[in-house]
2 protein chains.
Amino acid sequence: MAKDGSTTRDKIIDTAMELSLRQGHVATSIDEVIQHAGITKGSFFYHFPSKKDLAVALIERFSATEMQILQDNLEKANKLSKDPLQQLLIFVGLIQDLHSQLEEGHIGCLFASFSYENQLQDEELQAMASETLIEWKSKLSEKIQEIIKLYPPRQPVNPDDMADMFLATLEGAYVMTRIMHNPEIVQLNLEQYKTYLESQFKPG
Amino acid sequence: MAKDGSTTRDKIIDTAMELSLRQGHVATSIDEVIQHAGITKGSFFYHFPSKKDLAVALIERFSATEMQILQDNLEKANKLSKDPLQQLLIFVGLIQDLHSQLEEGHIGCLFASFSYENQLQDEELQAMASETLIEWKSKLSEKIQEIIKLYPPRQPVNPDDMADMFLATLEGAYVMTRIMHNPEIVQLNLEQYKTYLESQFKPG
DNA sequence: TACTACCAACAGACTAGTTGGTATAAATTA
DNA sequence: TAATTTATACCAACTAGTCTGTTGGTAGTA
């Protein structure tokens, strides 16, 4: 066996992820990536035949890590309560905690970034991002369906749409945080989403 | 008086606005702008000494037009009902109508686009965008305060945060529309926001 | 153990093309 | 006449991507 290139590959992805989330993928040149990663151009193109291949790897990585976060925190919440409404409220709270530790510069969604740069015109990338969002939505939608069965909602609600709204709230909060340079916005908006859930489902 | 350069200047802004919203400002080259606008490079740099000056003009224009849309539709809604809750619900409906006419490619927020490209690191631009968002928020917050006075909310709510949530919902819906290539998402999410308002304030 | 052959991983100079921006002179218009 | 616009040529800096090599280690063989 030869030298293990996976560490270099990971280092490239790590570096490119941080830079692309901060300043956009188009604005992130390969020269910049290799400089920050402390490698050379030859090494970069050995691992990624083109910049588009790097983009694919970034989307893959982002999908995987965020999906993991979603699942981990859903499971965590499921263990902390037996009531599905409480589970979802706890889940949102855990997501809030997660973001409270992040600095302003590290808040954002790679899909959002790519979408505003038109990098998702490529069908492969677009499909990957779409499918990930749909997966997230269906996971949340399942939980909301459990809630609806237990607590008749004040108004007729569609669980898919309510799941969508969580994602939109988060995406919107990211955008506003980046515009206003104020990470607290994520906390406030997720708090609002919890209030929405309670006002819809909490009896009394 | 010499030839009126404001038409050319406007044409540049129009073209650059469309291109920047579609593919990002960094990815929009000056060559591309002048080609689409049907002018020459000399003419471009006569009106905008640098690309950054174009960015300032774009943010200015976007702030102004969106602020106008907000105010127009708030006034329109105010005329269609005397009840503040109904006014806000009608307003959100008008915003929905507005977006139903747009094609997918034309949905997006220039502030969001700039934020994900780190173009708002420039303090001048960041201040302009922030102040515009704060203005939008306070306009909506005023209306929500009226509602709270009339209809005691189910839970203690902060009007500023509820106004924030409208903006975040819209921003998030833009992002998700761009990722999923599905303009209907804006409709669905604003529908959810209306449901939230009703569940919070509607008596019974 | 020593020799040879081999290979993935990496280096860095290099190419071809693009970028924002400049320069300048002539033409057009109010 | 003065402001505006065209046209074209140009620049240094930067871009993604290619090139030819070098390296450290692996594997087979004798």
# chains A, B, ... in the order shown; residues from 1 in each chain; ligands from 1

call {"tool": "residues_around", "arguments": {"residues": "stretch 52-58 of chain A", "least_positions_apart": "4", "cutoff": "8 Å", "atoms": "only C-alpha atoms (C1' of nucleotides)", "output": "PyMOL selection string"}}
result
chain A and resi 13+16-17+25+48+62+125

call {"tool": "residues_around", "arguments": {"residues": "D:DT6", "least_positions_apart": "2", "cutoff": "9 Å", "atoms": "only C-alpha atoms (C1' of nucleotides)", "output": "compact mmCIF listing (two decimals) with N, CA and C atoms (P, O5', C5', C4', C3', O3' and C1' of nucleotides), in the first residue's frame"}}
result
# COMPACT_ATOMS: atom_id res chain seq x y z
N ILE B 39 -24.13 47.65 -24.28
CA ILE B 39 -23.30 48.86 -24.21
C ILE B 39 -21.83 48.45 -24.23
N THR B 40 -20.97 49.41 -24.08
CA THR B 40 -19.54 49.11 -24.13
C THR B 40 -18.90 49.29 -22.76
N GLY B 42 -16.38 51.10 -21.91
CA GLY B 42 -16.12 52.50 -21.60
C GLY B 42 -17.33 53.16 -20.96
N SER B 43 -18.48 52.83 -21.53
CA SER B 43 -19.72 53.40 -21.01
C SER B 43 -20.00 52.91 -19.60
P DA C 26 -8.93 61.10 -33.37
O5' DA C 26 -10.30 60.57 -33.98
C5' DA C 26 -10.50 59.16 -34.17
C4' DA C 26 -11.98 58.85 -34.07
C3' DA C 26 -12.87 59.92 -34.71
O3' DA C 26 -13.86 59.27 -35.50
C1' DA C 26 -13.54 59.53 -32.47
P DA C 27 -14.88 60.11 -36.40
O5' DA C 27 -16.27 59.86 -35.66
C5' DA C 27 -16.71 58.54 -35.43
C4' DA C 27 -17.94 58.56 -34.54
C3' DA C 27 -19.06 59.49 -35.05
O3' DA C 27 -20.26 58.74 -35.02
C1' DA C 27 -18.56 59.95 -32.77
P DT C 28 -21.57 59.26 -35.79
O5' DT C 28 -22.53 59.66 -34.58
C5' DT C 28 -22.74 58.72 -33.53
C4' DT C 28 -23.31 59.43 -32.33
C3' DT C 28 -24.52 60.34 -32.62
O3' DT C 28 -25.60 59.82 -31.90
C1' DT C 28 -23.00 61.34 -31.08

call {"tool": "calpha_fit_and_write", "arguments": {"fixed": "chain A", "moving": "chain B", "output": "mmCIF file with C-alpha atoms, in the first residue's frame"}}
result
data_model
loop_
_atom_site.group_PDB
_atom_site.id
_atom_site.type_symbol
_atom_site.label_atom_id
_atom_site.label_comp_id
_atom_site.auth_asym_id
_atom_site.auth_seq_id
_atom_site.Cartn_x
_atom_site.Cartn_y
_atom_site.Cartn_z
ATOM 1 C CA MET B 1 -0.612 -0.283 0.156
ATOM 2 C CA ALA B 2 0.561 3.181 -0.628
ATOM 3 C CA LYS B 3 0.279 6.320 1.433
ATOM 4 C CA ASP B 4 -3.259 6.946 2.586
ATOM 5 C CA GLY B 5 -4.559 9.793 0.474
ATOM 6 C CA SER B 6 -7.859 10.038 2.281
ATOM 7 C CA THR B 7 -6.425 12.368 4.905
ATOM 8 C CA THR B 8 -5.291 14.830 2.250
ATOM 9 C CA ARG B 9 -8.600 14.504 0.474
ATOM 10 C CA ASP B 10 -10.441 15.200 3.709
ATOM 11 C CA LYS B 11 -8.216 18.146 4.450
ATOM 12 C CA ILE B 12 -9.069 19.622 1.056
ATOM 13 C CA ILE B 13 -12.778 19.139 1.671
ATOM 14 C CA ASP B 14 -12.565 20.600 5.182
ATOM 15 C CA THR B 15 -10.762 23.675 3.943
ATOM 16 C CA ALA B 16 -12.955 24.174 0.900
ATOM 17 C CA MET B 17 -16.080 23.703 3.016
ATOM 18 C CA GLU B 18 -15.102 26.447 5.395
ATOM 19 C CA LEU B 19 -14.081 28.840 2.643
ATOM 20 C CA SER B 20 -17.104 28.125 0.453
ATOM 21 C CA LEU B 21 -19.519 28.584 3.341
ATOM 22 C CA ARG B 22 -17.887 31.860 4.252
ATOM 23 C CA GLN B 23 -17.428 33.496 0.865
ATOM 24 C CA GLY B 24 -19.145 31.320 -1.695
ATOM 25 C CA HIS B 25 -17.860 28.543 -3.898
ATOM 26 C CA VAL B 26 -17.248 30.655 -6.984
ATOM 27 C CA ALA B 27 -15.203 33.157 -5.008
ATOM 28 C CA THR B 28 -13.145 30.363 -3.480
ATOM 29 C CA SER B 29 -10.232 29.767 -5.808
ATOM 30 C CA ILE B 30 -8.320 26.532 -5.915
ATOM 31 C CA ASP B 31 -5.151 28.465 -5.154
ATOM 32 C CA GLU B 32 -6.775 29.699 -1.969
ATOM 33 C CA VAL B 33 -7.835 26.203 -0.972
ATOM 34 C CA ILE B 34 -4.415 24.634 -1.454
ATOM 35 C CA GLN B 35 -2.754 27.518 0.339
ATOM 36 C CA HIS B 36 -4.981 27.138 3.392
ATOM 37 C CA ALA B 37 -4.751 23.356 3.267
ATOM 38 C CA GLY B 38 -0.973 23.501 2.970
ATOM 39 C CA ILE B 39 -0.776 21.320 -0.111
ATOM 40 C CA THR B 40 0.165 21.819 -3.733
ATOM 41 C CA LYS B 41 -1.797 22.153 -6.912
ATOM 42 C CA GLY B 42 -0.651 18.825 -8.199
ATOM 43 C CA SER B 43 -1.946 17.139 -5.100
ATOM 44 C CA PHE B 44 -5.293 18.886 -5.400
ATOM 45 C CA PHE B 45 -5.837 17.783 -8.967
ATOM 46 C CA TYR B 46 -4.722 14.298 -8.083
ATOM 47 C CA HIS B 47 -7.759 14.021 -5.815
ATOM 48 C CA PHE B 48 -10.202 16.213 -7.749
ATOM 49 C CA PRO B 49 -9.918 16.215 -11.543
ATOM 50 C CA SER B 50 -11.894 19.461 -11.669
ATOM 51 C CA LYS B 51 -13.418 22.091 -9.425
ATOM 52 C CA LYS B 52 -16.816 20.588 -10.135
ATOM 53 C CA ASP B 53 -15.682 17.313 -8.575
ATOM 54 C CA LEU B 54 -14.806 19.284 -5.473
ATOM 55 C CA ALA B 55 -18.294 20.786 -5.508
ATOM 56 C CA VAL B 56 -19.807 17.298 -5.648
ATOM 57 C CA ALA B 57 -17.676 16.205 -2.701
ATOM 58 C CA LEU B 58 -18.717 19.283 -0.726
ATOM 59 C CA ILE B 59 -22.408 18.641 -1.314
ATOM 60 C CA GLU B 60 -21.958 14.980 -0.411
ATOM 61 C CA ARG B 61 -20.151 15.841 2.779
ATOM 62 C CA PHE B 62 -22.655 18.524 3.742
ATOM 63 C CA SER B 63 -25.603 16.202 3.116
ATOM 64 C CA ALA B 64 -24.058 13.463 5.223
ATOM 65 C CA THR B 65 -23.016 15.567 8.210
ATOM 66 C CA GLU B 66 -26.263 17.510 8.431
ATOM 67 C CA MET B 67 -28.315 14.344 8.070
ATOM 68 C CA GLN B 68 -26.307 12.841 10.906
ATOM 69 C CA ILE B 69 -26.958 15.891 13.085
ATOM 70 C CA LEU B 70 -30.677 15.668 12.376
ATOM 71 C CA GLN B 71 -30.860 11.990 13.223
ATOM 72 C CA ASP B 72 -28.658 12.202 16.307
ATOM 73 C CA ASN B 73 -30.702 14.980 17.804
ATOM 74 C CA LEU B 74 -34.012 13.382 16.929
ATOM 75 C CA GLU B 75 -32.906 10.195 18.712
ATOM 76 C CA LYS B 76 -31.589 12.226 21.625
ATOM 77 C CA ALA B 77 -34.933 14.005 21.921
ATOM 78 C CA ASN B 78 -36.832 10.738 21.662
ATOM 79 C CA LYS B 79 -34.958 9.466 24.693
ATOM 80 C CA LEU B 80 -35.680 12.575 26.740
ATOM 81 C CA SER B 81 -39.450 12.307 26.524
ATOM 82 C CA LYS B 82 -42.165 9.863 25.531
ATOM 83 C CA ASP B 83 -44.539 12.503 24.256
ATOM 84 C CA PRO B 84 -44.059 13.243 20.525
ATOM 85 C CA LEU B 85 -44.880 16.941 20.915
ATOM 86 C CA GLN B 86 -42.307 17.256 23.694
ATOM 87 C CA GLN B 87 -39.843 15.289 21.600
ATOM 88 C CA LEU B 88 -40.139 17.716 18.730
ATOM 89 C CA LEU B 89 -39.915 20.728 21.046
ATOM 90 C CA ILE B 90 -36.818 19.246 22.664
ATOM 91 C CA PHE B 91 -35.362 18.521 19.246
ATOM 92 C CA VAL B 92 -35.769 22.149 18.184
ATOM 93 C CA GLY B 93 -34.190 23.181 21.489
ATOM 94 C CA LEU B 94 -31.203 20.925 20.791
ATOM 95 C CA ILE B 95 -30.792 22.523 17.385
ATOM 96 C CA GLN B 96 -30.868 25.897 19.102
ATOM 97 C CA ASP B 97 -28.132 24.773 21.507
ATOM 98 C CA LEU B 98 -26.046 23.579 18.608
ATOM 99 C CA HIS B 99 -26.159 26.980 16.958
ATOM 100 C CA SER B 100 -25.546 28.919 20.147
ATOM 101 C CA GLN B 101 -22.029 27.515 20.171
ATOM 102 C CA LEU B 102 -21.283 28.569 16.617
ATOM 103 C CA GLU B 103 -19.733 31.892 15.767
ATOM 104 C CA GLU B 104 -21.443 34.089 13.242
ATOM 105 C CA GLY B 105 -19.020 33.195 10.476
ATOM 106 C CA HIS B 106 -19.846 29.513 10.675
ATOM 107 C CA ILE B 107 -23.580 29.848 10.243
ATOM 108 C CA GLY B 108 -25.001 28.963 6.869
ATOM 109 C CA CYS B 109 -26.206 26.240 4.542
ATOM 110 C CA LEU B 110 -24.061 25.060 1.673
ATOM 111 C CA PHE B 111 -27.161 24.278 -0.395
ATOM 112 C CA ALA B 112 -28.368 27.840 0.045
ATOM 113 C CA SER B 113 -24.963 29.176 -0.882
ATOM 114 C CA PHE B 114 -24.815 27.023 -3.998
ATOM 115 C CA SER B 115 -28.374 27.906 -4.963
ATOM 116 C CA TYR B 116 -27.644 31.623 -4.918
ATOM 117 C CA GLU B 117 -24.543 31.041 -7.035
ATOM 118 C CA ASN B 118 -26.509 29.001 -9.531
ATOM 119 C CA GLN B 119 -24.159 26.101 -8.877
ATOM 120 C CA LEU B 120 -27.193 23.820 -8.648
ATOM 121 C CA GLN B 121 -27.923 24.174 -12.349
ATOM 122 C CA ASP B 122 -25.843 21.037 -12.631
ATOM 123 C CA GLU B 123 -28.464 18.316 -12.402
ATOM 124 C CA GLU B 124 -26.316 15.966 -10.381
ATOM 125 C CA LEU B 125 -25.763 18.528 -7.641
ATOM 126 C CA GLN B 126 -29.348 19.741 -7.736
ATOM 127 C CA ALA B 127 -30.658 16.214 -7.322
ATOM 128 C CA MET B 128 -28.374 15.548 -4.374
ATOM 129 C CA ALA B 129 -29.437 18.717 -2.586
ATOM 130 C CA SER B 130 -33.127 18.219 -3.309
ATOM 131 C CA GLU B 131 -33.130 14.637 -2.132
ATOM 132 C CA THR B 132 -31.383 15.584 1.085
ATOM 133 C CA LEU B 133 -33.963 18.276 1.822
ATOM 134 C CA ILE B 134 -36.769 15.827 1.090
ATOM 135 C CA GLU B 135 -35.214 13.323 3.487
ATOM 136 C CA TRP B 136 -35.002 15.931 6.243
ATOM 137 C CA LYS B 137 -38.558 16.959 5.608
ATOM 138 C CA SER B 138 -39.932 13.425 5.741
ATOM 139 C CA LYS B 139 -38.119 12.671 9.010
ATOM 140 C CA LEU B 140 -39.678 15.723 10.611
ATOM 141 C CA SER B 141 -43.024 15.071 8.981
ATOM 142 C CA GLU B 142 -43.191 11.613 10.562
ATOM 143 C CA LYS B 143 -42.786 13.134 13.982
ATOM 144 C CA ILE B 144 -45.446 15.755 13.295
ATOM 145 C CA GLN B 145 -47.842 13.032 12.175
ATOM 146 C CA GLU B 146 -47.367 11.340 15.526
ATOM 147 C CA ILE B 147 -48.224 14.614 17.221
ATOM 148 C CA ILE B 148 -51.339 15.165 15.135
ATOM 149 C CA LYS B 149 -52.646 11.719 16.052
ATOM 150 C CA LEU B 150 -52.279 12.541 19.746
ATOM 151 C CA TYR B 151 -53.229 16.209 19.768
ATOM 152 C CA PRO B 152 -55.955 17.353 17.415
ATOM 153 C CA PRO B 153 -54.585 20.529 15.846
ATOM 154 C CA ARG B 154 -56.391 23.822 16.274
ATOM 155 C CA GLN B 155 -56.514 24.206 12.502
ATOM 156 C CA PRO B 156 -56.264 21.571 9.792
ATOM 157 C CA VAL B 157 -52.508 21.288 9.180
ATOM 158 C CA ASN B 158 -50.380 19.420 6.698
ATOM 159 C CA PRO B 159 -47.443 17.711 8.443
ATOM 160 C CA ASP B 160 -45.280 18.005 5.336
ATOM 161 C CA ASP B 161 -45.856 21.738 5.197
ATOM 162 C CA MET B 162 -45.095 22.135 8.879
ATOM 163 C CA ALA B 163 -41.858 20.218 8.393
ATOM 164 C CA ASP B 164 -41.093 22.439 5.412
ATOM 165 C CA MET B 165 -41.620 25.440 7.597
ATOM 166 C CA PHE B 166 -38.994 24.250 10.050
ATOM 167 C CA LEU B 167 -36.459 24.006 7.250
ATOM 168 C CA ALA B 168 -37.486 27.359 5.806
ATOM 169 C CA THR B 169 -37.289 28.954 9.239
ATOM 170 C CA LEU B 170 -33.769 27.646 9.665
ATOM 171 C CA GLU B 171 -32.691 28.652 6.165
ATOM 172 C CA GLY B 172 -34.240 32.065 6.603
ATOM 173 C CA ALA B 173 -32.610 32.526 9.992
ATOM 174 C CA TYR B 174 -29.227 31.673 8.455
ATOM 175 C CA VAL B 175 -29.725 34.289 5.770
ATOM 176 C CA MET B 176 -30.844 36.948 8.216
ATOM 177 C CA THR B 177 -27.982 36.173 10.566
ATOM 178 C CA ARG B 178 -25.542 36.620 7.719
ATOM 179 C CA ILE B 179 -27.145 39.893 6.627
ATOM 180 C CA MET B 180 -27.492 41.395 10.093
ATOM 181 C CA HIS B 181 -24.296 39.878 11.527
ATOM 182 C CA ASN B 182 -26.297 38.690 14.494
ATOM 183 C CA PRO B 183 -26.284 34.962 15.371
ATOM 184 C CA GLU B 184 -29.059 35.442 17.946
ATOM 185 C CA ILE B 185 -31.589 35.499 15.105
ATOM 186 C CA VAL B 186 -31.374 31.724 14.780
ATOM 187 C CA GLN B 187 -32.353 31.352 18.426
ATOM 188 C CA LEU B 188 -35.262 33.767 18.155
ATOM 189 C CA ASN B 189 -36.693 32.212 15.012
ATOM 190 C CA LEU B 190 -36.501 28.665 16.307
ATOM 191 C CA GLU B 191 -38.173 29.932 19.475
ATOM 192 C CA GLN B 192 -40.978 31.225 17.273
ATOM 193 C CA TYR B 193 -41.271 27.842 15.604
ATOM 194 C CA LYS B 194 -41.654 26.208 19.007
ATOM 195 C CA THR B 195 -44.340 28.730 19.867
ATOM 196 C CA TYR B 196 -46.095 27.831 16.632
ATOM 197 C CA LEU B 197 -46.021 24.140 17.509
ATOM 198 C CA GLU B 198 -47.372 24.803 20.968
ATOM 199 C CA SER B 199 -50.100 27.146 19.793
ATOM 200 C CA GLN B 200 -51.171 24.569 17.264
ATOM 201 C CA PHE B 201 -51.099 21.431 19.414
ATOM 202 C CA LYS B 202 -51.035 22.298 23.082
ATOM 203 C CA PRO B 203 -54.434 21.701 24.597
ATOM 204 C CA GLY B 204 -56.150 24.412 26.666
#

call {"tool": "atom_distance", "arguments": {"atom1": "atom C1' of C:DC10", "atom2": "atom C1' of D:DT26"}}
result
17.0 Å

call {"tool": "residues_around", "arguments": {"residues": "C:DC3", "least_positions_apart": "4", "cutoff": "12 Å", "atoms": "only C-alpha atoms (C1' of nucleotides)", "output": "PyMOL selection string"}}
result
chain D and resi 28-30

call {"tool": "select_by_dssp", "arguments": {"residues": "stretch 9-204 of chain B", "states": "alpha helix (DSSP H)", "output": "ChimeraX atom specification"}}
result
/B:9-23,30-37,41-47,51-80,84-100,110-116,123-150,159-180,184-201

call {"tool": "write_last_selection", "arguments": {"atoms": "C-alpha atoms", "output": "compact mmCIF listing (two decimals), in the first residue's frame"}}
result
# COMPACT_ATOMS: atom_id res chain seq x y z
CA ARG B 9 -27.23 53.75 -15.93
CA ASP B 10 -30.62 52.22 -15.23
CA LYS B 11 -30.16 49.72 -18.01
CA ILE B 12 -26.87 48.62 -16.45
CA ILE B 13 -28.51 48.23 -13.05
CA ASP B 14 -31.48 46.34 -14.50
CA THR B 15 -29.23 43.92 -16.32
CA ALA B 16 -26.81 43.44 -13.44
CA MET B 17 -29.71 42.94 -11.03
CA GLU B 18 -31.16 40.13 -13.07
CA LEU B 19 -27.82 38.44 -13.61
CA SER B 20 -26.67 38.84 -10.01
CA LEU B 21 -29.92 37.47 -8.64
CA ARG B 22 -29.71 34.50 -10.96
CA GLN B 23 -26.06 33.51 -10.66
CA ILE B 30 -18.71 43.13 -16.22
CA ASP B 31 -18.23 41.80 -19.73
CA GLU B 32 -21.41 39.80 -19.31
CA VAL B 33 -23.32 42.81 -18.05
CA ILE B 34 -22.30 45.10 -20.90
CA GLN B 35 -22.99 42.39 -23.44
CA HIS B 36 -26.53 41.84 -22.16
CA ALA B 37 -27.11 45.57 -21.75
CA LYS B 41 -16.97 48.86 -21.41
CA GLY B 42 -16.12 52.50 -21.60
CA SER B 43 -19.72 53.40 -21.01
CA PHE B 44 -19.95 51.07 -18.03
CA PHE B 45 -16.94 52.56 -16.31
CA TYR B 46 -18.18 56.03 -17.08
CA HIS B 47 -21.16 55.33 -14.82
CA LYS B 51 -17.59 46.90 -9.69
CA LYS B 52 -18.09 47.76 -6.04
CA ASP B 53 -19.93 50.93 -7.06
CA LEU B 54 -22.24 48.74 -9.09
CA ALA B 55 -22.81 46.58 -6.02
CA VAL B 56 -23.76 49.66 -4.01
CA ALA B 57 -26.22 50.72 -6.70
CA LEU B 58 -27.74 47.23 -6.77
CA ILE B 59 -28.26 47.18 -3.01
CA GLU B 60 -29.73 50.68 -3.13
CA ARG B 61 -32.11 49.74 -5.89
CA PHE B 62 -33.12 46.49 -4.23
CA SER B 63 -33.75 48.23 -0.90
CA ALA B 64 -35.90 50.88 -2.54
CA THR B 65 -38.03 48.61 -4.72
CA GLU B 66 -38.69 46.03 -2.02
CA MET B 67 -39.51 48.73 0.52
CA GLN B 68 -41.97 50.17 -1.97
CA ILE B 69 -43.59 46.76 -2.46
CA LEU B 70 -43.92 46.32 1.29
CA GLN B 71 -45.50 49.71 1.80
CA ASP B 72 -47.81 49.50 -1.21
CA ASN B 73 -49.20 46.17 -0.15
CA LEU B 74 -49.54 47.17 3.48
CA GLU B 75 -51.58 50.21 2.42
CA LYS B 76 -53.59 48.08 0.02
CA ALA B 77 -54.37 45.63 2.81
CA ASN B 78 -55.27 48.44 5.19
CA LYS B 79 -57.91 49.60 2.74
CA LEU B 80 -59.40 46.14 2.34
CA PRO B 84 -55.55 44.70 11.95
CA LEU B 85 -55.38 40.90 12.04
CA GLN B 86 -57.29 40.71 8.75
CA GLN B 87 -55.07 43.43 7.34
CA LEU B 88 -51.95 41.45 8.07
CA LEU B 89 -53.47 38.23 6.72
CA ILE B 90 -54.51 40.06 3.56
CA PHE B 91 -51.05 41.57 3.29
CA VAL B 92 -49.42 38.14 3.41
CA GLY B 93 -51.93 36.97 0.80
CA LEU B 94 -50.96 39.87 -1.46
CA ILE B 95 -47.31 38.92 -1.12
CA GLN B 96 -48.28 35.38 -2.07
CA ASP B 97 -50.07 36.67 -5.17
CA LEU B 98 -47.04 38.69 -6.12
CA HIS B 99 -44.82 35.62 -6.06
CA SER B 100 -47.29 33.40 -7.87
CA LEU B 110 -30.22 40.19 -3.32
CA PHE B 111 -29.22 40.62 0.33
CA ALA B 112 -29.23 36.86 0.79
CA SER B 113 -27.21 36.40 -2.37
CA PHE B 114 -24.66 38.98 -1.27
CA SER B 115 -24.48 37.54 2.23
CA TYR B 116 -23.59 34.09 0.95
CA GLU B 123 -19.39 47.91 5.97
CA GLU B 124 -21.22 50.32 3.72
CA LEU B 125 -23.16 47.55 2.00
CA GLN B 126 -23.75 45.65 5.23
CA ALA B 127 -25.18 48.73 6.90
CA MET B 128 -27.51 49.41 3.99
CA ALA B 129 -28.84 45.86 3.98
CA SER B 130 -29.21 45.69 7.75
CA GLU B 131 -31.04 48.98 7.97
CA THR B 132 -33.44 47.94 5.24
CA LEU B 133 -34.26 44.70 7.05
CA ILE B 134 -34.78 46.60 10.29
CA GLU B 135 -37.15 48.98 8.52
CA TRP B 136 -39.18 46.09 7.11
CA LYS B 137 -39.28 44.46 10.50
CA SER B 138 -40.47 47.58 12.31
CA LYS B 139 -43.25 48.19 9.76
CA LEU B 140 -44.55 44.68 10.30
CA SER B 141 -44.00 44.87 14.03
CA GLU B 142 -46.23 47.94 14.27
CA LYS B 143 -49.05 46.04 12.66
CA ILE B 144 -48.56 43.06 14.96
CA GLN B 145 -48.66 45.37 17.97
CA GLU B 146 -52.05 46.61 16.82
CA ILE B 147 -53.22 43.01 16.63
CA ILE B 148 -51.93 42.15 20.09
CA LYS B 149 -53.83 45.08 21.59
CA LEU B 150 -57.06 43.81 20.05
CA PRO B 159 -44.10 41.49 17.95
CA ASP B 160 -40.54 42.11 16.76
CA ASP B 161 -39.81 38.40 16.76
CA MET B 162 -43.02 37.62 14.92
CA ALA B 163 -42.11 40.21 12.30
CA ASP B 164 -38.65 38.67 12.09
CA MET B 165 -40.25 35.33 11.49
CA PHE B 166 -42.14 36.66 8.48
CA LEU B 167 -38.89 37.83 6.94
CA ALA B 168 -37.11 34.59 7.81
CA THR B 169 -39.99 32.58 6.38
CA LEU B 170 -39.75 34.50 3.13
CA GLU B 171 -35.96 34.27 2.97
CA GLY B 172 -36.09 30.59 3.77
CA ALA B 173 -38.78 29.97 1.18
CA TYR B 174 -36.63 31.72 -1.43
CA VAL B 175 -33.70 29.49 -0.59
CA MET B 176 -35.77 26.32 -0.66
CA THR B 177 -37.41 27.31 -3.92
CA ARG B 178 -34.00 27.80 -5.47
CA ILE B 179 -32.72 24.47 -4.15
CA MET B 180 -35.79 22.43 -5.06
CA GLU B 184 -44.81 26.69 -4.93
CA ILE B 185 -42.76 26.54 -1.73
CA VAL B 186 -43.15 30.29 -1.25
CA GLN B 187 -46.93 29.90 -1.32
CA LEU B 188 -46.93 27.01 1.13
CA ASN B 189 -44.64 28.69 3.63
CA LEU B 190 -46.53 31.97 3.63
CA GLU B 191 -49.70 29.92 4.10
CA GLN B 192 -48.08 28.43 7.18
CA TYR B 193 -47.25 31.89 8.47
CA LYS B 194 -50.90 32.88 8.10
CA THR B 195 -51.89 29.76 9.99
CA TYR B 196 -49.47 30.75 12.73
CA LEU B 197 -51.01 34.21 12.98
CA GLU B 198 -54.50 32.77 13.15
CA SER B 199 -53.62 30.12 15.70
CA GLN B 200 -52.02 32.77 17.85
CA PHE B 201 -54.66 35.50 17.65

call {"tool": "interface_residues", "arguments": {"of": "chain D", "to": "chain B", "cutoff": "7 Å", "atoms": "only C-alpha atoms (C1' of nucleotides)", "output": "number ranges by chain"}}
result
D: 2-6

call {"tool": "closest_atom_pairs", "arguments": {"of": "chain C", "to": "chain B", "cutoff": "9 Å", "atoms": "only C-alpha atoms (C1' of nucleotides)", "output": "JSON lines"}}
result
{"residue": "C:DT19", "atom": "C1'", "partner": "B:Ser29", "partner_atom": "CA", "distance": 7.7}
{"residue": "C:DG20", "atom": "C1'", "partner": "B:Lys51", "partner_atom": "CA", "distance": 7.7}
{"residue": "C:DG21", "atom": "C1'", "partner": "B:Ser50", "partner_atom": "CA", "distance": 7.8}
{"residue": "C:DT29", "atom": "C1'", "partner": "B:Lys3", "partner_atom": "CA", "distance": 5.6}
{"residue": "C:DA30", "atom": "C1'", "partner": "B:Ala2", "partner_atom": "CA", "distance": 4.5}

call {"tool": "write_last_selection", "arguments": {"atoms": "C-alpha atoms (C1' of nucleotides)", "output": "PDB file, in the first residue's frame"}}
result
ATOM      1  C1'  DT C  19     -10.942  39.058 -14.770  1.00  0.00           C
ATOM      2  C1'  DG C  20     -11.511  44.023 -13.379  1.00  0.00           C
ATOM      3  C1'  DG C  21      -9.853  48.014 -14.860  1.00  0.00           C
ATOM      4  C1'  DT C  29     -26.344  64.044 -28.734  1.00  0.00           C
ATOM      5  C1'  DA C  30     -28.879  67.717 -25.907  1.00  0.00           C
TER       6       DA C  30
END
